[in-house]
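One structure is given here, and the rest of the page talks about it.
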Amino acid sequence: MYETLRMKYILVMGVSALVALSLVGTRRSPAEAPMTRLLVYPARYGEHGAGASGRGEGDAGPADLSDVAQAAVPATVQVSAKMRDEWGQRGLSAGSGAIVSEDGTIVTNYHVVKGAEGVTVTLNDRRSLGAKIVGVDATADIAVLKINGHGLPYFSYGNSDELKVGQWVLAIGYPLGLQSTVTAGIVSAKGGSFIQTDAAVNLGNSGGPLVDRQGRLVGINAALTTSTGSYVGYSFAIPAPIVKRVVNRLLGVGRPVISR
Amino acid sequence: MRAKQVVAVILLSASTALATMWGYNQFNGSKTYYYSTKDSGKVPANYAKFFEGRGNAAPPGDFTDAASAAIPATVHIKTKTVRTVSNNLPKRNPFSDLFGIDPDDFFGNGGGMRSLPEMASGSGVIISNDGYIVTNNHVVDGADEVTVTLSNRKSFKAKVVGTDPASDLAVVKVDAQNLPFLLYGNSDEVKVGQWVLAVGYPLTLETTVTAGIVSAKGRTLDINRRQSQSPVESFIQTDAAVNPGNSGGPLINPQGQLIGINSAIASPTGSYAGYSFTIPVNIVKKVVNDIMKFGTPQRAYLGISYPRDDMSDDQKKENGIKDGDGVYVWTVTPDGPAAHAGLKQGDLITKLNGEEVLTGAEMIGKIATYSPGDKIKVTYKREGKEYTIPVTLSNNSGSTSTAIIKTSALDKLGAQLETLGKKEAANLDVKGGVVVKSVTENGLMDKSRIQEGFIILKANGEEVKNLEDFQRIIGKVSSGTVKLEGVFPGYEGVYTYPLRLSSGQ
């Protein structure tokens with residue numbers, strides 16, 4: 001039951017992609033919901049200053065993240081892909097996605113829609129819409145989808161190069177068949193091609209946004225390091241600059257492409 | 001009485017000095033501060049971000065400065081253990097006759113014994129700029145080779161300075177200068193609900209910082225019993241993500257100060273499930289200072305036993321243990337410190353030096369910050385009335401009346417010494433002497449191969465009748481060799497040992 005933390009062996013750690021196979025969400029009839037553009041909120045940095053709250057330094061906690069969460073949730077979608085596996089079995093792949101334009105451009109992971117026969121996007125208001133695959137980049141693990149829409153809430157890109165280890169981030173997505181779920185964490189480490197966080201992320205989070213305290217898209221959640229198959233504290237996202245570059249390239253082509 | 005708790009050694013005085021200095025906010029971001037075990041009161045360079053064009057401390061909720069201070073001071077510790085194991089195979093390979101080659105002979109492994117190197121890894125915290133590093137005992141336990149890798153990927157071979165299985169701590173040393181290091185915080189001031197960061201090298205990952213809150217304090221898991229008869233456990237519990245590989249790494253507060261050493265998790269899967277356990281820094285400080293000074297921790301004992309914190313109501317009833325606020329005194333060791341002070345079975349200990357203790361683990365954690373010979377105030381309840389008495393703590397071998405040597409001249413010898421009792425002196429037909437009660441591994445006495453039980457009668461030809469004599473003679477010789485002459489009771493003849501006082505390698 002109790003484990004000391006020395007690594008006895010060099011563990012062969014599974015890096016699990018976060019796509020949830022055969023997780024079929026319940027479909028409901030579309031509900032009316034006002035669609036507003038994503039408001040970018042200023043950081044409430046230092047809002048709960050030690051002086052203002054009368055608390056000691058040791059009690060320092062994060063500023064309220066509820067505004068950011070509230071703004072980010074409607075711009076995060078569930079992505080379901082009908083597919084056949086290598087043995088011809090029909091299945092459903094479920095992941096998440098981030099809306100990046102008011103007319104319905106959506107970023108997700110390539111591994112969410114890989115081999116899909118049809119893709120459905122479910123908005124936060126439960127409306128389900130058919131989506132077209134605009135293009136994919138297998139190497140970057142990025143896919144761009146398009147739904148027909150206008151006035152949709154969407155994310156603006158943040159500069160993840162400015163992210164600092166220790167900074168607060170939120171992961172939004174549809175993990176484990178749950179409805180839209182927001183989890184908080186800090187940046188645990190950074191590399192050129194990844195952002196590591198301790199925000200809880202699981203199967204189904206694939207393709208969903210990682211946002212900073214200003215509500216900007218700083219990454220696309222893509223993987224986790226685990227020894228159990230689920231979250232043990234280490235989540236990985238593709239940094240926004242890479243996402244932006246790939247998305248712009250795929251959109252520039254303007255028709256379905258399979259990029260190497 | 002907090003002053004008592006402040007173990008008066010260099011490392012700690014440095015960190016307290018720092019706390020005061022921070023209060024005054026007299027830092028200049030452009031300066032680089034260094035610190036070594038010989039130099040106290042300076043702030044290490046890795047804390048520079050705390051002072052760059054800002055107020056005194058990071059704004060609440062911002063962990064970036066704390067993370068940037070801690071990452072360079074957190075190291076990756078890899079160990080290699082070569083174990084010779086029996087593989088239980090028949091001595092002769094059944095196929096060898098068919099092929100004419102015995103693979104064991106071929107590889108030179110006769111007798112079915114094989115050497116298997118076992119690799120393991122953990123984390124560690126640099127605590128001085130000249131390379132002292134704290135980690136868990138279980139990270140380096142039994143290792144034949146210890147390698148320390150800094151966050152900038154520089155690697156060093158490390159030497160194990162000393163270990164304490166009871167608290168699961170170890171000190172290792174690398175040969176380096178001007179290293180970044182962490183400053184000690186105060187784990188008594190840590191509150192349930194406050195933010196903390198865990199830093200380390202979990203699983204196969206590079207330096208990783210995770211955040212969480214303090215979930216509980218004064219917890220015991222009873223896991224150190226596997227490596228110690230008298231375990232010291234008083235964990236801080238947090239919900240920061242921690243996994244195999246984090247062992248020995250730091251838990252820090254948002255000010256970047258060390259508040260504990262991550263040691264264990266409670267989990268049904270073997271991976272993080274929400275509950276991580278950390279050795280509080282106040283125990284770490286005491287154990288580390290002792291290891292650096294004496295080579296081994298100088299553990300203080302109160303001389304009582306108490307029921308486990310998780311004892312069921314039925315068991316309590318069976319043993320006649322009454323519930324109440326405080327720690328129930330179950331048995332009192334005869335002739336121990338508590339017995340001398342008048343504590344009795346059934347008393348409820350409520351405070352140590354005026355600070356509340358609610359659980360046995362909390363009490364053990366507090367006592368672990370004192371040394372044998374320290375006097376503390378114990379508050380207890382007896383038949384509804386509260387009393388406070390002074391208790392002089394002892395070492396585990398017994399009474400408080402024998403002088404436990406803590407004076408500087410003898411400190412460095414790495415041994416527990418006592419004046420020979422009058423009776424024993426009479427038995428041996430000598431006027432007096434000094435008994436070597438115990439020898440610290442790798443201490444100077446140990447290196448000179450002096451064994452426990454040796455009775456020192458002469459040093460450099462001068463007669464040694466008591467500790468004072470011995471101390472005076474040793475005090476005169478700052479370096480070089482002292483010739484010790486003495487006897488082992490029950491053995492013939494006089495034994496002579498050259499005791500090398502130079503502390504160099």
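Letters A, B, ... mark the chains of the structure tokens in the order given; residue numbers begin at 1 per chain; ligand numbers begin at 1, in order shown.
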At a cut-off of 8 Å, which residues of chain B touch chain A? Count only C-alpha atoms and give the answer as number ranges by chain. B: 59-68, 118-122, 138-139, 190-191, 193-195, 203-204, 206-211, 221, 223, 241-247, 253-255, 263-273
Could you give me, as a list in words, the residues within 6 Å of Ile99 (chain A), counting only C-alpha atoms and dropping anything in the same chain fewer than 4 positions from it?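 Using only C-alpha atoms, the neighbours found are Ala75, Thr105, Ile106 and Tyr154 of chain A.
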Include N, CA, C and O atoms and write out the residues we just selected as a CSV table (one decimal), in the first residue's frame.
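Saved as result-v7.csv:
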```
chain,number,residue,atom,x,y,z
A,75,ALA,N,-15.5,27.1,-25.6
A,75,ALA,CA,-14.7,27.0,-26.8
A,75,ALA,C,-14.0,25.6,-27.0
A,75,ALA,O,-13.1,25.4,-27.8
A,105,THR,N,-13.3,26.6,-37.1
A,105,THR,CA,-12.0,25.8,-37.3
A,105,THR,C,-11.7,25.2,-36.0
A,105,THR,O,-11.7,25.9,-34.9
A,106,ILE,N,-11.4,23.9,-36.0
A,106,ILE,CA,-11.1,23.2,-34.7
A,106,ILE,C,-9.8,22.5,-34.8
A,106,ILE,O,-9.5,21.8,-35.8
A,154,TYR,N,-14.1,31.2,-29.4
A,154,TYR,CA,-12.8,30.6,-29.9
A,154,TYR,C,-11.6,31.0,-29.1
A,154,TYR,O,-11.7,32.0,-28.4
```
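The space separating CA of Arg127 (chain A) from CA of Gly88 (chain A) comes to 29.4 Å.
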Please provide as a PyMOL selection string all residues within 10 Å of Pro241 (chain A), with the sequence filter that same-chain residues fewer than 6 positions apart are discarded (counting only C-alpha atoms). chain A and resi 157-161+192-193+217-219+247
Write out as a PyMOL selection string the residues lying within 12 Å of Lys322 (chain B), counting only C-alpha atoms and excluding same-chain residues fewer than 4 positions away. chain B and resi 306-307+311-318+326-330+345-348+382-383
Enumerate the residues of region 267-468 of chain B with a DSSP assignment of alpha helix (DSSP H), computed from the backbone, and present them as a PyMOL selection string. chain B and resi 281-294+313-318+337-341+360-367+408-411+422-428+444-447+467-468
One decimal, in Å: what's the spacing between CA of Phe277 (chain B) and CA of Gly200 (chain B)? 13.9 Å
From the options A:Gly149, A:Gly215, A:Gly95, A:Pro239, which residue's atoms come nearest to Glu162 (chain A), counting only C-alpha atoms?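 Among the listed residues, A:Pro239 lies closest to Glu162 (chain A).
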